[in-house]
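Written out below as structure tokens is the structure these notes cover.
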Number of protein chains: 2
Amino acid sequence: MAIRRQITLKEIARELDVSISTVSKAIRNSQEVSLDTREKIQAFAKFYNYRPNNIALSLKNRRTKNIGVIIPEIVHHFFSTVISGIERIANSKGYNVIICLSEESFDKEVINMEMLANGSIDGFIVSLSKETLAKKDYRHFQEVLNEGIPLVLFDRVTDEINCDKAIVDDTQAAYDAVNVLIRSGSKKIALITTVDYISVGYLRTLGYHKALNDAGFVVNPDLIVKIEDTEGCNQKIAELFQTERFDGLFGVNEFFAASAMKIARDMGLKVPEDIAFIGFTDGILSKCSSPPLSTVAQHGDEMGEAAAKMLIEKLENPINSEVFQTQIIATSVIERESTARAMSYMN
Amino acid sequence: MAIRRQITLKEIARELDVSISTVSKAIRNSQEVSLDTREKIQAFAKFYNYRPNNIALSLKNRRTKNIGVIIPEIVHHFFSTVISGIERIANSKGYNVIICLSEESFDKEVINMEMLANGSIDGFIVSLSKETLAKKDYRHFQEVLNEGIPLVLFDRVTDEINCDKAIVDDTQAAYDAVNVLIRSGSKKIALITTVDYISVGYLRTLGYHKALNDAGFVVNPDLIVKIEDTEGCNQKIAELFQTERFDGLFGVNEFFAASAMKIARDMGLKVPEDIAFIGFTDGILSKCSSPPLSTVAQHGDEMGEAAAKMLIEKLENPINSEVFQTQIIATSVIERESTARAMSYMN
DNA sequence: AGAAAAAATAAAAACGTTTTCGTGTTAATA
DNA sequence: TATTAACACGAAAACGTTTTTATTTTTTCT
């Protein structure tokens, strides 16, 4: 089968002995060209399966219809749901999604942004890498904004840069989650969280504090474990179980909660009778672990949709380019067996 | 902060009162332009943060340095690891990855391909949607191949189209998995699989048959459950447990295996003593379920890397555009507690 | 038949590059 | 001093579109 590269206007013009402009107009069915020639050209174009070259269009229109998305990782339930939401909206509005992974590295984030900012995309949707959050260096974002490229941040955001954002109310959601533990009868509640510079981890920790305070519980720092990376995770959780006694545990993500629950069960504790668990993110892990894990659903796909909608709005309607909004995506607490204590346990 | 759009060669040329070509050459440090002007232009360009417009380059070079990836879904451990592998290689070679989701729909697959084939990408990496596999309609692939656009298929592939492929030896891997069950002492082994048109499900089913045959076991069709979609999944698995007795189960993905194991435990069966389980795909579910699930690691990231390497090779070296290879990515069986029977159970 | 109006088509510019080729200036050589 | 070589730069083409403007052809009217 001989290779037949996509045919161009120029080739059609040459073949049919008319000018390029006539071909262009005929294909777009302009009244400017006689019905005769129009039909002839259209038939020819159809036969050779003519399709306008996207790159040429991008250059001419100075818009690519591409959205650049930069996330820390993709093998991750929450981030992949967000992508899914972004893709759905983008696709429905004729945009494509270019995905780059920062792998939690500041440098990769910067490089990827520069790579895409040279005309490859019309706007960015980004969730900050851990390193960026730790460094607090946001110049690369300010730069693209100065160049007039719209930017939407989601989930891991910062106050230091002024743009559209889509987040959940992490503090409130954590507050709600901890309250589920409290209502289920937990009196001493442990927390497995991240280091503080991860904005969402910090905010969820705040919610934990607030919930305990409002319930009149004292916050015991010994019940709080801050995990830097997932490597030594199980180790640190196991230590907690060995040194402290508690009857409820909140993990700021589903991995922490599920891991802790597993360790507890392996130690012979009954869930939820002896200890109740709740996590964050309603991923496959929460649904499939034993017992099923109560959790806070973040609705990542909605967050992705919201982010994409805001971005596309800015792209197609640059009038309000200076008014930014922060959309709070509603979370919902999903109560499953891991917090379902019978009433007899309560008192 | 006033918006300062990216500066162009033309603007630099006008500002410095030289020709566009001189600016272009100076920036690429050509000896053709005097050191004086070169330095002047370079300084100016650097000051205004000049970067060549990617779209213009794409048009000129007739290559976009974009790879189009079309997968059925992204909220899925295996597919996201593949993306991760693709992205790593692509990024290291200066390519960007455009991701489209077919959502298992033939039409979306076709539309996405057409959308990208109009010049937006240099080549495709695709895993077939369920609908496409069911319809066996591969014309859209033949078309892009005829247009000279390289294509690599991975995981869900078909013999009907001739191109580079990256797969695992599903039959062999399933054979190995079932043998783990057999070695662990299982005598009656059930299978939870997909409907036959899913190539990988079918091949894994073959491996199951082969393993039983080679071990001298009879294949009992009543022990085989074919799941169409995940909706009624738990229901159908529960029925199996109610109507049949068996002491080993192989699930063609980790979700099937984990779900079945959960149901078994809820029914009071001990794992692995009463019944052993093994799955496919080493995702978070396998690692975190109780007990941890033995499984076949597919090494999705390696598959993604292999696919990306083959594609980029074809892109940068179109000489061998007619020689296609199928790379078999090695799988590895990971034995965890779910098949770890003490010897006393064996005989 | 000739002029004016209308219709059909073509030319050219623009989007931002790179590159080939051409031209003019200066320096080196006979 | 005349000829050539080296050097520095500019013009133009090309990638594939769309759109504005210009030109040609046809039709209509007196």
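Each chain of the structure tokens is named A, B, ... in the order shown, its residues numbered from 1; ligands are numbered from 1 in display order.
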Counting only C-alpha atoms, chain A residues within 7 Å of chain B, as an MDAnalysis selection string:
chainID A and resid 1:6 51:56 58:59 74:75 77 80:81 84 96:99 118:120 146:148 259 285 288:290
Let me see the file: selected residues, N, CA and C atoms, as a compact mmCIF listing (two decimals), in the first residue's frame.
# COMPACT_ATOMS: atom_id res chain seq x y z
N MET A 1 0.87 -1.21 0.00
CA MET A 1 0.00 0.00 0.00
C MET A 1 0.89 1.24 0.00
N ALA A 2 0.82 2.02 -1.05
CA ALA A 2 1.66 3.21 -1.14
C ALA A 2 1.19 4.27 -0.14
N ILE A 3 2.13 4.96 0.43
CA ILE A 3 1.77 6.00 1.39
C ILE A 3 1.25 7.22 0.67
N ARG A 4 0.11 7.69 1.13
CA ARG A 4 -0.55 8.83 0.51
C ARG A 4 -0.70 9.91 1.57
N ARG A 5 0.28 10.79 1.62
CA ARG A 5 0.21 11.85 2.63
C ARG A 5 -1.02 12.72 2.46
N GLN A 6 -1.49 13.28 3.52
CA GLN A 6 -2.65 14.16 3.47
C GLN A 6 -2.49 15.19 2.36
N ARG A 51 -8.37 17.21 4.69
CA ARG A 51 -8.63 17.78 6.02
C ARG A 51 -7.64 18.90 6.24
N PRO A 52 -8.13 20.05 6.69
CA PRO A 52 -7.20 21.16 6.91
C PRO A 52 -6.12 20.77 7.90
N ASN A 53 -4.92 21.17 7.63
CA ASN A 53 -3.81 20.90 8.53
C ASN A 53 -3.91 21.75 9.79
N ASN A 54 -3.94 21.04 10.90
CA ASN A 54 -4.13 21.69 12.19
C ASN A 54 -3.02 22.66 12.57
N ILE A 55 -1.81 22.27 12.26
CA ILE A 55 -0.68 23.12 12.62
C ILE A 55 -0.77 24.45 11.88
N ALA A 56 -1.08 24.36 10.60
CA ALA A 56 -1.21 25.59 9.81
C ALA A 56 -2.31 26.47 10.40
N SER A 58 -3.33 26.46 13.47
CA SER A 58 -2.86 26.99 14.75
C SER A 58 -2.00 28.23 14.53
N LEU A 59 -1.13 28.12 13.55
CA LEU A 59 -0.23 29.25 13.29
C LEU A 59 -1.04 30.47 12.84
N ILE A 74 0.78 10.33 37.69
CA ILE A 74 -0.46 9.93 37.05
C ILE A 74 -0.91 8.56 37.56
N VAL A 75 0.00 7.80 38.13
CA VAL A 75 -0.39 6.52 38.71
C VAL A 75 -0.92 6.81 40.11
N HIS A 77 -4.89 7.61 41.99
CA HIS A 77 -6.32 7.64 41.72
C HIS A 77 -6.86 9.04 41.56
N SER A 80 -5.68 10.87 38.37
CA SER A 80 -6.22 10.33 37.12
C SER A 80 -7.70 10.66 36.97
N THR A 81 -8.44 10.77 38.07
CA THR A 81 -9.83 11.18 37.91
C THR A 81 -9.91 12.64 37.45
N SER A 84 -9.34 12.76 33.87
CA SER A 84 -10.52 12.25 33.20
C SER A 84 -11.56 13.36 33.04
N ASN A 96 -7.58 19.56 22.82
CA ASN A 96 -6.80 18.38 23.17
C ASN A 96 -6.03 18.64 24.45
N VAL A 97 -5.66 17.56 25.10
CA VAL A 97 -5.00 17.67 26.40
C VAL A 97 -3.58 17.12 26.29
N ILE A 98 -2.62 17.97 26.55
CA ILE A 98 -1.22 17.53 26.59
C ILE A 98 -0.82 17.36 28.04
N ILE A 99 -0.37 16.17 28.37
CA ILE A 99 -0.06 15.88 29.76
C ILE A 99 1.42 15.79 30.01
N ASN A 118 5.91 27.76 24.72
CA ASN A 118 6.38 28.32 23.47
C ASN A 118 5.39 28.11 22.33
N GLY A 119 4.15 28.25 22.64
CA GLY A 119 3.16 28.20 21.57
C GLY A 119 2.43 26.88 21.45
N SER A 120 2.87 25.87 22.20
CA SER A 120 2.24 24.56 22.03
C SER A 120 0.84 24.48 22.61
N ASN A 146 2.26 36.53 32.87
CA ASN A 146 2.67 37.78 32.26
C ASN A 146 2.65 37.71 30.74
N GLU A 147 2.86 36.53 30.23
CA GLU A 147 2.81 36.37 28.77
C GLU A 147 1.37 36.24 28.28
N GLY A 148 0.44 36.33 29.20
CA GLY A 148 -0.96 36.30 28.78
C GLY A 148 -1.51 34.90 28.61
N SER A 259 -3.46 1.50 54.89
CA SER A 259 -2.27 0.86 55.45
C SER A 259 -2.39 0.71 56.96
N LEU A 285 -9.05 1.54 46.59
CA LEU A 285 -8.55 1.00 47.84
C LEU A 285 -9.62 1.08 48.93
N CYS A 288 -12.39 -1.42 48.23
CA CYS A 288 -12.08 -2.85 48.23
C CYS A 288 -11.39 -3.35 49.47
N SER A 289 -10.96 -2.46 50.35
CA SER A 289 -10.25 -2.99 51.51
C SER A 289 -11.25 -3.63 52.47
N SER A 290 -10.73 -4.37 53.41
CA SER A 290 -11.61 -5.04 54.37
C SER A 290 -11.34 -4.51 55.75
Counting only C-alpha atoms (C1' of nucleotides), chain C residues within 10 Å of chain A, as a ChimeraX atom specification:
/C:7-11,14-16
Selection from above, C-alpha atoms (C1' of nucleotides), as a PDB file, in the first residue's frame, can you write it?
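Output (result-v4.pdb):
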ATOM      1  C1'  DA C   7     -19.984  37.615 -10.412  1.00  0.00           C
ATOM      2  C1'  DA C   8     -16.064  34.639 -10.369  1.00  0.00           C
ATOM      3  C1'  DT C   9     -11.557  33.968  -9.682  1.00  0.00           C
ATOM      4  C1'  DA C  10      -6.715  35.083  -8.555  1.00  0.00           C
ATOM      5  C1'  DA C  11      -3.079  37.388  -6.033  1.00  0.00           C
ATOM      6  C1'  DA C  14      -0.265  37.125   7.271  1.00  0.00           C
ATOM      7  C1'  DC C  15       0.929  33.698  11.099  1.00  0.00           C
ATOM      8  C1'  DG C  16       6.772  32.618  12.782  1.00  0.00           C
TER       9       DG C  16
END
Within 12 Å of DA5 of chain D, counting only C-alpha atoms (C1' of nucleotides), which residues qualify if same-chain residues fewer than 4 places away don't, as an MDAnalysis selection string?
chainID C and resid 26:29
Residues of chain D at most 8 Å from chain B: nearest atom pair and distance in Å, only C-alpha atoms (C1' of nucleotides), as a tab-separated table:
residue	atom	partner	partner_atom	distance
D:DA8	C1'	B:Val33	CA	6.0
D:DC9	C1'	B:Thr22	CA	6.8
D:DG10	C1'	B:Ser19	CA	6.2
D:DA14	C1'	B:Lys60	CA	7.5
D:DC15	C1'	B:Lys60	CA	4.3
D:DG16	C1'	B:Leu59	CA	7.8
Contacts of DA5 of chain C at 12 Å or less, counting only C-alpha atoms (C1' of nucleotides), minus same-chain residues fewer than 4 places along, as a count of residues only?
4
Among C:DA30, C:DA6, C:DG24, C:DT17, DT4 of chain D is approached most closely, using only C-alpha atoms (C1' of nucleotides), by C:DA30
Can you tell me, as an MDAnalysis selection string, which residues in segment 67-116 of chain A count as strand (DSSP E) by DSSP?
chainID A and resid 67:71 96:101
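In this structure, atom CA of Ser294 of chain A sits 19.4 Å away from atom CA of His209 of chain A.
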Identify, on the basis of only C-alpha atoms (C1' of nucleotides), every residue whose closest approach to Pro72 of chain A does not exceed 8 Å; exclude the query and any residue fewer than 3 positions from it along the same chain; express the result as a list of chain:residue names.
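Result of the neighbour search: A:Leu101, A:Ser102, A:Glu103, A:Glu104, A:Ser105, A:Ser127, A:Leu128, A:Ser129, A:Lys130.
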Separation of atom CA of Tyr208 of chain B and atom CA of Gln235 of chain B, in Å?
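Those two atoms sit 22.6 Å apart.
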Tell me, as a ChimeraX atom specification, which residues lie within 10 Å of DA12 of chain D, counting only C-alpha atoms (C1' of nucleotides); anything in the same chain fewer than 6 positions away does not count.
/C:20-22
Written selection (C-alpha atoms (C1' of nucleotides)) as a PDB file, in the first residue's frame:
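File written: again_30.pdb
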ATOM      1  C1'  DT C  20      19.244  28.848   0.386  1.00  0.00           C
ATOM      2  C1'  DC C  21      20.763  32.050  -2.538  1.00  0.00           C
ATOM      3  C1'  DG C  22      22.103  36.603  -3.837  1.00  0.00           C
TER       4       DG C  22
END
